[in-house]
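Everything below belongs to input-v9.pdb, which stores PDB, C-alpha atoms, pLDDT in the B column.
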MODEL        1
ATOM      1  CA  MET S   1      13.412 -26.513  85.259  1.00 54.00           C
ATOM      2  CA  SER S   2      12.209 -26.887  81.682  1.00 52.00           C
ATOM      3  CA  ASP S   3       8.736 -25.561  82.590  1.00 57.00           C
ATOM      4  CA  ARG S   4      10.259 -22.544  84.358  1.00 55.00           C
ATOM      5  CA  ARG S   5      12.422 -21.739  81.349  1.00 54.00           C
ATOM      6  CA  SER S   6       9.455 -21.952  78.991  1.00 55.00           C
ATOM      7  CA  THR S   7       7.394 -19.692  81.250  1.00 56.00           C
ATOM      8  CA  PHE S   8      10.238 -17.166  81.442  1.00 54.00           C
ATOM      9  CA  LEU S   9      10.658 -17.050  77.667  1.00 55.00           C
ATOM     10  CA  LEU S  10       6.921 -16.632  77.121  1.00 55.00           C
ATOM     11  CA  THR S  11       6.785 -13.794  79.656  1.00 56.00           C
ATOM     12  CA  ALA S  12       9.786 -12.087  78.033  1.00 56.00           C
ATOM     13  CA  CYS S  13       8.136 -12.245  74.605  1.00 55.00           C
ATOM     14  CA  LEU S  14       4.917 -10.744  75.989  1.00 50.00           C
ATOM     15  CA  LEU S  15       6.820  -7.917  77.671  1.00 50.00           C
ATOM     16  CA  LEU S  16       8.755  -7.130  74.487  1.00 50.00           C
ATOM     17  CA  GLY S  17       5.531  -7.088  72.506  1.00 51.00           C
ATOM     18  CA  GLY S  18       3.999  -4.716  75.033  1.00 49.00           C
ATOM     19  CA  CYS S  19       6.989  -2.378  74.671  1.00 51.00           C
ATOM     20  CA  GLY S  20       6.471  -2.118  70.929  1.00 50.00           C
ATOM     21  CA  PHE S  21       9.298  -4.505  70.021  1.00 45.00           C
ATOM     22  CA  SER S  22       9.166  -5.975  66.540  1.00 53.00           C
ATOM     23  CA  PRO S  23      11.780  -7.788  64.426  1.00 56.00           C
ATOM     24  CA  LEU S  24      13.588  -5.601  61.888  1.00 53.00           C
ATOM     25  CA  TYR S  25      12.743  -7.896  58.961  1.00 52.00           C
ATOM     26  CA  GLY S  26       9.217  -8.596  60.191  1.00 53.00           C
ATOM     27  CA  LYS S  27       5.990  -7.678  58.424  1.00 50.00           C
ATOM     28  CA  LEU S  28       3.947  -5.035  60.248  1.00 47.00           C
ATOM     29  CA  THR S  29       1.592  -4.078  57.421  1.00 48.00           C
ATOM     30  CA  PRO S  30       1.503  -4.943  53.699  1.00 47.00           C
ATOM     31  CA  LYS S  31       3.430  -1.712  53.067  1.00 47.00           C
ATOM     32  CA  THR S  32       6.237  -2.396  55.539  1.00 51.00           C
ATOM     33  CA  ASP S  33       7.382  -5.881  54.562  1.00 67.00           C
ATOM     34  CA  MET S  34      11.162  -5.471  54.637  1.00 78.00           C
ATOM     35  CA  SER S  35      11.789  -8.949  53.247  1.00 84.00           C
ATOM     36  CA  GLU S  36       9.894  -8.165  50.034  1.00 86.00           C
ATOM     37  CA  GLU S  37      11.757  -4.879  49.588  1.00 88.00           C
ATOM     38  CA  LEU S  38      15.165  -6.462  50.224  1.00 91.00           C
ATOM     39  CA  ALA S  39      14.377  -9.246  47.755  1.00 90.00           C
ATOM     40  CA  GLN S  40      13.914  -6.586  45.053  1.00 91.00           C
ATOM     41  CA  VAL S  41      17.534  -5.375  45.366  1.00 94.00           C
ATOM     42  CA  TYR S  42      19.903  -6.481  42.596  1.00 94.00           C
ATOM     43  CA  VAL S  43      23.565  -6.556  43.664  1.00 95.00           C
ATOM     44  CA  ASP S  44      25.823  -5.182  40.951  1.00 94.00           C
ATOM     45  CA  ASN S  45      29.015  -7.056  40.062  1.00 94.00           C
ATOM     46  CA  ILE S  46      31.974  -6.612  42.444  1.00 94.00           C
ATOM     47  CA  PRO S  47      35.243  -7.623  40.698  1.00 90.00           C
ATOM     48  CA  GLY S  48      37.828  -9.922  42.220  1.00 89.00           C
ATOM     49  CA  ARG S  49      37.737 -13.043  44.388  1.00 90.00           C
ATOM     50  CA  TYR S  50      36.966 -11.098  47.566  1.00 91.00           C
ATOM     51  CA  GLY S  51      34.389  -9.012  45.691  1.00 93.00           C
ATOM     52  CA  GLN S  52      32.555 -12.114  44.522  1.00 94.00           C
ATOM     53  CA  LEU S  53      32.458 -13.480  48.068  1.00 95.00           C
ATOM     54  CA  LEU S  54      30.909 -10.218  49.240  1.00 95.00           C
ATOM     55  CA  ARG S  55      28.381 -10.206  46.384  1.00 95.00           C
ATOM     56  CA  LEU S  56      27.305 -13.795  47.083  1.00 94.00           C
ATOM     57  CA  ALA S  57      26.882 -13.023  50.785  1.00 95.00           C
ATOM     58  CA  LEU S  58      24.763  -9.969  49.958  1.00 95.00           C
ATOM     59  CA  GLN S  59      22.612 -11.927  47.515  1.00 94.00           C
ATOM     60  CA  LYS S  60      22.010 -14.627  50.134  1.00 92.00           C
ATOM     61  CA  ASN S  61      21.032 -12.095  52.808  1.00 93.00           C
ATOM     62  CA  LEU S  62      18.802 -10.002  50.552  1.00 92.00           C
ATOM     63  CA  ALA S  63      16.953 -12.849  48.867  1.00 88.00           C
ATOM     64  CA  GLY S  64      16.352 -14.790  52.088  1.00 77.00           C
ATOM     65  CA  ALA S  65      14.542 -18.098  51.687  1.00 69.00           C
ATOM     66  CA  GLY S  66      12.544 -16.939  48.667  1.00 69.00           C
ATOM     67  CA  PRO S  67      13.452 -17.017  44.962  1.00 70.00           C
ATOM     68  CA  GLU S  68      15.960 -14.448  43.722  1.00 72.00           C
ATOM     69  CA  ASP S  69      14.331 -12.227  41.076  1.00 77.00           C
ATOM     70  CA  PRO S  70      15.104  -8.533  41.813  1.00 85.00           C
ATOM     71  CA  HIS S  71      13.831  -5.815  39.458  1.00 88.00           C
ATOM     72  CA  LYS S  72      13.216  -2.693  41.553  1.00 91.00           C
ATOM     73  CA  TYR S  73      16.568  -1.543  42.987  1.00 94.00           C
ATOM     74  CA  MET S  74      20.283  -1.862  42.246  1.00 95.00           C
ATOM     75  CA  LEU S  75      22.963  -1.965  44.931  1.00 96.00           C
ATOM     76  CA  LYS S  76      26.466  -0.804  44.010  1.00 96.00           C
ATOM     77  CA  VAL S  77      29.205  -1.691  46.478  1.00 96.00           C
ATOM     78  CA  TYR S  78      32.740  -0.287  46.603  1.00 95.00           C
ATOM     79  CA  SER S  79      34.740  -2.391  49.029  1.00 93.00           C
ATOM     80  CA  SER S  80      38.315  -2.922  50.177  1.00 90.00           C
ATOM     81  CA  MET S  81      40.048  -5.338  52.519  1.00 89.00           C
ATOM     82  CA  ASN S  82      43.395  -4.421  54.098  1.00 86.00           C
ATOM     83  CA  GLU S  83      45.662  -6.999  55.718  1.00 83.00           C
ATOM     84  CA  GLU S  84      48.168  -5.762  58.284  1.00 79.00           C
ATOM     85  CA  ALA S  85      51.101  -7.598  59.828  1.00 78.00           C
ATOM     86  CA  VAL S  86      51.113  -7.041  63.605  1.00 75.00           C
ATOM     87  CA  ASP S  87      53.007  -8.583  66.517  1.00 73.00           C
ATOM     88  CA  ILE S  88      56.395  -8.076  64.807  1.00 72.00           C
ATOM     89  CA  HIS S  89      59.131 -10.354  66.211  1.00 73.00           C
ATOM     90  CA  GLN S  90      62.871  -9.711  66.475  1.00 73.00           C
ATOM     91  CA  ASP S  91      63.499 -11.683  63.272  1.00 73.00           C
ATOM     92  CA  ASN S  92      61.054  -9.335  61.451  1.00 72.00           C
ATOM     93  CA  THR S  93      58.339 -12.006  61.181  1.00 72.00           C
ATOM     94  CA  SER S  94      54.765 -11.387  62.232  1.00 73.00           C
ATOM     95  CA  GLY S  95      52.722 -13.427  64.681  1.00 77.00           C
ATOM     96  CA  ARG S  96      49.305 -12.225  63.534  1.00 80.00           C
ATOM     97  CA  THR S  97      47.561 -10.836  60.470  1.00 83.00           C
ATOM     98  CA  ARG S  98      44.855  -8.264  61.153  1.00 84.00           C
ATOM     99  CA  SER S  99      42.287  -7.381  58.508  1.00 87.00           C
ATOM    100  CA  THR S 100      40.154  -4.267  58.143  1.00 89.00           C
ATOM    101  CA  GLY S 101      37.219  -4.581  55.755  1.00 92.00           C
ATOM    102  CA  SER S 102      35.228  -1.585  54.555  1.00 92.00           C
ATOM    103  CA  ALA S 103      32.372  -1.148  52.114  1.00 94.00           C
ATOM    104  CA  HIS S 104      30.589   1.918  50.722  1.00 95.00           C
ATOM    105  CA  TRP S 105      27.200   1.109  49.206  1.00 95.00           C
ATOM    106  CA  VAL S 106      24.824   3.088  47.026  1.00 95.00           C
ATOM    107  CA  LEU S 107      21.180   2.125  46.423  1.00 95.00           C
ATOM    108  CA  ILE S 108      19.635   3.349  43.152  1.00 95.00           C
ATOM    109  CA  THR S 109      16.372   2.709  41.353  1.00 94.00           C
ATOM    110  CA  VAL S 110      16.055   0.532  38.251  1.00 92.00           C
ATOM    111  CA  GLU S 111      14.365   2.773  35.682  1.00 90.00           C
ATOM    112  CA  GLN S 112      15.144   4.792  32.578  1.00 89.00           C
ATOM    113  CA  ASN S 113      16.523   7.653  34.684  1.00 91.00           C
ATOM    114  CA  PRO S 114      17.958   5.986  37.824  1.00 91.00           C
ATOM    115  CA  ARG S 115      17.739   7.897  41.110  1.00 93.00           C
ATOM    116  CA  MET S 116      20.027   7.480  44.119  1.00 93.00           C
ATOM    117  CA  LEU S 117      17.916   6.597  47.159  1.00 93.00           C
ATOM    118  CA  ALA S 118      20.442   5.974  49.931  1.00 92.00           C
ATOM    119  CA  GLN S 119      24.084   5.285  50.671  1.00 93.00           C
ATOM    120  CA  GLY S 120      26.094   4.156  53.649  1.00 92.00           C
ATOM    121  CA  ASP S 121      29.312   2.624  54.960  1.00 93.00           C
ATOM    122  CA  ALA S 122      30.221  -0.544  56.839  1.00 93.00           C
ATOM    123  CA  THR S 123      33.476  -1.626  58.495  1.00 90.00           C
ATOM    124  CA  THR S 124      34.701  -4.708  60.325  1.00 91.00           C
ATOM    125  CA  LEU S 125      37.857  -6.060  61.959  1.00 87.00           C
ATOM    126  CA  ASP S 126      39.138  -9.646  61.875  1.00 88.00           C
ATOM    127  CA  GLY S 127      42.391 -11.583  61.754  1.00 86.00           C
ATOM    128  CA  PHE S 128      44.256 -14.854  62.246  1.00 83.00           C
ATOM    129  CA  ASN S 129      47.518 -16.097  63.747  1.00 82.00           C
ATOM    130  CA  THR S 130      50.201 -16.633  61.132  1.00 80.00           C
ATOM    131  CA  SER S 131      52.047 -19.944  60.712  1.00 74.00           C
ATOM    132  CA  PHE S 132      54.888 -19.617  58.215  1.00 68.00           C
ATOM    133  CA  GLU S 133      55.919 -23.240  58.688  1.00 64.00           C
ATOM    134  CA  GLN S 134      52.623 -24.436  57.175  1.00 72.00           C
ATOM    135  CA  TYR S 135      52.104 -22.575  53.916  1.00 72.00           C
ATOM    136  CA  PHE S 136      48.954 -24.476  52.900  1.00 78.00           C
ATOM    137  CA  ALA S 137      47.311 -23.785  56.269  1.00 79.00           C
ATOM    138  CA  GLN S 138      48.305 -20.113  55.920  1.00 78.00           C
ATOM    139  CA  THR S 139      46.556 -19.934  52.553  1.00 82.00           C
ATOM    140  CA  LEU S 140      43.411 -21.539  53.959  1.00 86.00           C
ATOM    141  CA  ASN S 141      43.438 -19.112  56.893  1.00 84.00           C
ATOM    142  CA  ASP S 142      43.632 -16.166  54.505  1.00 85.00           C
ATOM    143  CA  GLU S 143      40.759 -17.486  52.369  1.00 89.00           C
ATOM    144  CA  THR S 144      38.642 -18.130  55.461  1.00 91.00           C
ATOM    145  CA  LEU S 145      39.422 -14.610  56.677  1.00 90.00           C
ATOM    146  CA  GLN S 146      38.154 -13.115  53.425  1.00 92.00           C
ATOM    147  CA  ALA S 147      34.942 -15.133  53.727  1.00 93.00           C
ATOM    148  CA  ARG S 148      34.370 -13.984  57.323  1.00 93.00           C
ATOM    149  CA  VAL S 149      34.982 -10.332  56.439  1.00 94.00           C
ATOM    150  CA  SER S 150      32.636 -10.480  53.453  1.00 95.00           C
ATOM    151  CA  ASP S 151      29.899 -12.192  55.517  1.00 95.00           C
ATOM    152  CA  THR S 152      30.133  -9.599  58.303  1.00 94.00           C
ATOM    153  CA  LEU S 153      30.072  -6.670  55.880  1.00 95.00           C
ATOM    154  CA  ALA S 154      27.106  -8.200  54.035  1.00 95.00           C
ATOM    155  CA  GLN S 155      25.165  -8.526  57.293  1.00 94.00           C
ATOM    156  CA  THR S 156      25.859  -4.898  58.219  1.00 94.00           C
ATOM    157  CA  VAL S 157      24.911  -3.586  54.768  1.00 95.00           C
ATOM    158  CA  THR S 158      21.710  -5.660  54.776  1.00 94.00           C
ATOM    159  CA  GLN S 159      20.766  -4.265  58.190  1.00 92.00           C
ATOM    160  CA  GLN S 160      21.405  -0.699  57.023  1.00 93.00           C
ATOM    161  CA  LEU S 161      19.264  -1.269  53.933  1.00 93.00           C
ATOM    162  CA  ALA S 162      16.430  -2.713  56.044  1.00 91.00           C
ATOM    163  CA  ILE S 163      16.570   0.297  58.371  1.00 89.00           C
ATOM    164  CA  TRP S 164      16.390   2.667  55.403  1.00 90.00           C
ATOM    165  CA  PHE S 165      13.437   0.833  53.857  1.00 89.00           C
ATOM    166  CA  ARG S 166      11.590   1.083  57.178  1.00 87.00           C
ATOM    167  CA  SER S 167      12.493   4.639  58.255  1.00 83.00           C
ATOM    168  CA  HIS S 168      14.028   6.264  55.127  1.00 80.00           C
ATOM    169  CA  ASN S 169      16.755   7.661  57.379  1.00 74.00           C
ATOM    170  CA  MET S 170      20.278   7.690  55.997  1.00 68.00           C
ATOM    171  CA  PRO S 171      22.912   5.858  58.125  1.00 62.00           C
ATOM    172  CA  GLU S 172      25.030   8.255  60.145  1.00 63.00           C
ATOM    173  CA  LYS S 173      28.706   8.597  59.287  1.00 61.00           C
ATOM    174  CA  ALA S 174      31.360   9.937  61.617  1.00 53.00           C
ATOM    175  CA  ALA S 175      32.996  13.129  60.408  1.00 55.00           C
ATOM    176  CA  PRO S 176      36.746  12.809  59.628  1.00 53.00           C
ATOM    177  CA  ASP S 177      37.512  15.561  62.158  1.00 56.00           C
ATOM    178  CA  GLU S 178      35.978  13.454  64.943  1.00 59.00           C
ATOM    179  CA  LEU S 179      38.549  10.652  64.551  1.00 60.00           C
ATOM    180  CA  PRO S 180      41.325  10.728  67.191  1.00 66.00           C
ATOM    181  CA  ARG S 181      44.844  11.692  66.188  1.00 70.00           C
ATOM    182  CA  TYR S 182      48.296  10.842  67.516  1.00 68.00           C
ATOM    183  CA  LEU S 183      51.768  12.350  67.218  1.00 70.00           C
ATOM    184  CA  ASN S 184      53.894  10.963  64.393  1.00 69.00           C
ATOM    185  CA  THR S 185      57.473  11.057  65.653  1.00 67.00           C
ATOM    186  CA  ASP S 186      58.817   9.911  62.268  1.00 67.00           C
ATOM    187  CA  ARG S 187      57.796  13.159  60.560  1.00 72.00           C
ATOM    188  CA  MET S 188      59.287  16.633  60.913  1.00 77.00           C
ATOM    189  CA  PRO S 189      57.180  19.517  62.282  1.00 78.00           C
ATOM    190  CA  ASP S 190      55.760  21.933  59.730  1.00 78.00           C
ATOM    191  CA  ASP S 191      57.139  25.446  59.017  1.00 78.00           C
ATOM    192  CA  ASN S 192      55.185  26.866  61.955  1.00 80.00           C
ATOM    193  CA  GLY S 193      56.626  24.344  64.391  1.00 77.00           C
ATOM    194  CA  ASN S 194      53.439  22.288  64.719  1.00 80.00           C
ATOM    195  CA  ALA S 195      54.057  18.614  65.403  1.00 78.00           C
ATOM    196  CA  ALA S 196      52.962  16.175  62.711  1.00 76.00           C
ATOM    197  CA  THR S 197      49.922  14.079  63.556  1.00 74.00           C
ATOM    198  CA  ASP S 198      48.105  11.179  61.932  1.00 68.00           C
ATOM    199  CA  ARG S 199      44.662   9.654  62.506  1.00 65.00           C
ATOM    200  CA  THR S 200      44.340   6.320  64.220  1.00 64.00           C
ATOM    201  CA  GLY S 201      43.235   3.216  62.389  1.00 60.00           C
ATOM    202  CA  VAL S 202      39.755   1.736  62.584  1.00 57.00           C
ATOM    203  CA  ASP S 203      40.824  -0.272  65.626  1.00 57.00           C
ATOM    204  CA  GLY S 204      41.877   2.892  67.474  1.00 60.00           C
ATOM    205  CA  PHE S 205      45.618   2.139  67.427  1.00 58.00           C
ATOM    206  CA  PRO S 206      48.244   4.053  65.427  1.00 59.00           C
ATOM    207  CA  ALA S 207      50.429   2.132  63.011  1.00 54.00           C
ATOM    208  CA  SER S 208      53.581   2.984  64.966  1.00 53.00           C
ATOM    209  CA  ALA S 209      52.148   1.266  68.069  1.00 53.00           C
ATOM    210  CA  THR S 210      51.672  -2.095  66.391  1.00 53.00           C
ATOM    211  CA  GLY S 211      54.556  -2.206  63.925  1.00 51.00           C
ATOM    212  CA  ARG S 212      52.139  -2.978  61.110  1.00 46.00           C
ATOM    213  CA  LEU S 213      52.907  -3.276  57.423  1.00 45.00           C
ATOM    214  CA  SER S 214      49.901  -2.907  55.130  1.00 46.00           C
ATOM    215  CA  ARG S 215      48.850  -4.502  51.880  1.00 46.00           C
ATOM    216  CA  SER S 216      45.493  -3.752  50.374  1.00 47.00           C
ATOM    217  CA  THR S 217      43.026  -5.773  48.299  1.00 51.00           C
ATOM    218  CA  THR S 218      40.453  -3.441  46.767  1.00 54.00           C
ATOM    219  CA  SER S 219      37.315  -4.361  44.883  1.00 57.00           C
ATOM    220  CA  THR S 220      35.182  -1.803  43.079  1.00 56.00           C
ATOM    221  CA  SER S 221      31.826  -2.398  41.478  1.00 54.00           C
ATOM    222  CA  ALA S 222      31.460  -2.068  37.735  1.00 48.00           C
ATOM    223  CA  GLN S 223      30.599   1.381  36.509  1.00 47.00           C
TER     224      GLN S 223
ENDMDL
END
Output the structure of this file as structure tokens.
Amino acid sequence: MSDRRSTFLLTACLLLGGCGFSPLYGKLTPKTDMSEELAQVYVDNIPGRYGQLLRLALQKNLAGAGPEDPHKYMLKVYSSMNEEAVDIHQDNTSGRTRSTGSAHWVLITVEQNPRMLAQGDATTLDGFNTSFEQYFAQTLNDETLQARVSDTLAQTVTQQLAIWFRSHNMPEKAAPDELPRYLNTDRMPDDNGNAATDRTGVDGFPASATGRLSRSTTSTSAQ
């Protein structure tokens, strides 16, 4: 069984190589070493506890296993993390906290007259079950949630940067008009009789469908 598995894996690797497959962070030629380019990206300060978690995760992903000594690029990140109370009970308590993390990044050159090279956006969803009877455990859950959100956003941003360094194509962003909308029964129609509508959240559900209450933690990079 072990020999068959080894043979299968070897065959799969050969087939992928024949199809032109190559790892995103791999080195094809001396001019396309993504790891060296990523290691030259300095991550600008992101204020706040959550911002520092995101900055540390980005630094770890960009530097890799090598020494951290970036001098060529600067990465500015504008990020926010929203926590929403869902699964509202009859006593007005919530059974779950859902988090939406978003980050807008801008890559600029480090020189006397900096130039913007690329920009993009990353989003992620996460959450945890609330336990009001155990306040200390609730605090730990919230801190762990922030760490997971920052790690996931850092991985997405790093991947987008690697793709740009390889192809110089800007990440695509969905137009606001393409987001679905839903009727808001809590608002009056306008003067022309048109029903009020709102866009859905990142998870595709309207706020009225989940009974959510929002509180936002926003971190913005230093200007």
(message) Can you spell out as number ranges by chain the set of residues that the PyMOL selection byres ((chain S and resi 165) around 10) selects in the structure I just provided?
(response) S: 32-35, 37-38, 117-118, 159-164, 166-170
(message) Could you tell me how far atom CA of Thr158 of chain S sits from atom CA of Ser99 of chain S, in Å to one decimal place?
(response) 21.0 Å
(request) Any chance you could resolve the PyMOL selection byres ((chain S and resi 58) around 12) against this file and give the residues as an MDAnalysis selection string? (result) chainID S and resid 38:39 41:46 51:57 59:64 68 75:77 103 105 150:159 161
File dump, residues just selected, C-alpha atoms, as a short mmCIF file (atom, residue, chain, number, x, y, z; two decimals), in the coordinates of the input:
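The result, written out as out34.cif:
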data_model
loop_
_atom_site.label_atom_id
_atom_site.label_comp_id
_atom_site.auth_asym_id
_atom_site.auth_seq_id
_atom_site.Cartn_x
_atom_site.Cartn_y
_atom_site.Cartn_z
CA LEU S 38 15.16 -6.46 50.22
CA ALA S 39 14.38 -9.25 47.76
CA VAL S 41 17.53 -5.38 45.37
CA TYR S 42 19.90 -6.48 42.60
CA VAL S 43 23.56 -6.56 43.66
CA ASP S 44 25.82 -5.18 40.95
CA ASN S 45 29.02 -7.06 40.06
CA ILE S 46 31.97 -6.61 42.44
CA GLY S 51 34.39 -9.01 45.69
CA GLN S 52 32.56 -12.11 44.52
CA LEU S 53 32.46 -13.48 48.07
CA LEU S 54 30.91 -10.22 49.24
CA ARG S 55 28.38 -10.21 46.38
CA LEU S 56 27.30 -13.80 47.08
CA ALA S 57 26.88 -13.02 50.78
CA GLN S 59 22.61 -11.93 47.52
CA LYS S 60 22.01 -14.63 50.13
CA ASN S 61 21.03 -12.10 52.81
CA LEU S 62 18.80 -10.00 50.55
CA ALA S 63 16.95 -12.85 48.87
CA GLY S 64 16.35 -14.79 52.09
CA GLU S 68 15.96 -14.45 43.72
CA LEU S 75 22.96 -1.96 44.93
CA LYS S 76 26.47 -0.80 44.01
CA VAL S 77 29.20 -1.69 46.48
CA ALA S 103 32.37 -1.15 52.11
CA TRP S 105 27.20 1.11 49.21
CA SER S 150 32.64 -10.48 53.45
CA ASP S 151 29.90 -12.19 55.52
CA THR S 152 30.13 -9.60 58.30
CA LEU S 153 30.07 -6.67 55.88
CA ALA S 154 27.11 -8.20 54.04
CA GLN S 155 25.16 -8.53 57.29
CA THR S 156 25.86 -4.90 58.22
CA VAL S 157 24.91 -3.59 54.77
CA THR S 158 21.71 -5.66 54.78
CA GLN S 159 20.77 -4.26 58.19
CA LEU S 161 19.26 -1.27 53.93
#
(message) Taking only C-alpha atoms into account, name the residue in S:Ala147, S:Ala196, S:Val110, S:Val86 that is nearest to Arg98 of chain S.
(response) S:Val86
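What separates atom CA of His104 of chain S from atom CA of Glu83 of chain S is a distance of 18.2 Å.
Picked out by the PyMOL selection byres ((chain S and resi 130) around 7) when it runs on this file: Gly95, Arg96, Thr97, Phe128, Asn129, Ser131, Phe132 and Gln138 of chain S.
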Please write the residues from the selection above to a file, keeping C-alpha atoms, as a JSON list (two decimals), keeping the file's coordinate frame.
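Saved to part30.json:
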[["chain", "number", "residue", "atom", "x", "y", "z"],
["S", 95, "GLY", "CA", 52.72, -13.43, 64.68],
["S", 96, "ARG", "CA", 49.30, -12.22, 63.53],
["S", 97, "THR", "CA", 47.56, -10.84, 60.47],
["S", 128, "PHE", "CA", 44.26, -14.85, 62.25],
["S", 129, "ASN", "CA", 47.52, -16.10, 63.75],
["S", 131, "SER", "CA", 52.05, -19.94, 60.71],
["S", 132, "PHE", "CA", 54.89, -19.62, 58.22],
["S", 138, "GLN", "CA", 48.30, -20.11, 55.92]]
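Among the candidates S:Glu111, S:Glu36, S:Gly193, S:Met81, the residue lying nearest to Arg49 of chain S is S:Met81 (atoms considered: all atoms listed in the file).
The spacing separating atom CA of Ala122 of chain S from atom CA of Asp142 of chain S amounts to 20.7 Å.
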(message) I want to know what sits within 12 Å of Pro114 of chain S, based on all atoms listed in the file, with residues of the same chain fewer than 5 positions away left out; could you give that as a ChimeraX atom specification?
(response) /S:72-75,106-109
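Shortest separation to Gly120 of chain S among S:His71, S:Tyr78, S:Ala85, S:Ser94 occurs at residue S:Tyr78, atoms counted being all atoms listed in the file.
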(request) Could you please give me, as a PyMOL selection string, the residues of protein, DNA or RNA lying at most 9 Å from (38.1, -1.0, 57.0) in the coordinate frame of the file, considering all atoms listed in the file? (result) chain S and resi 79-82+99-103+122-125+201-202
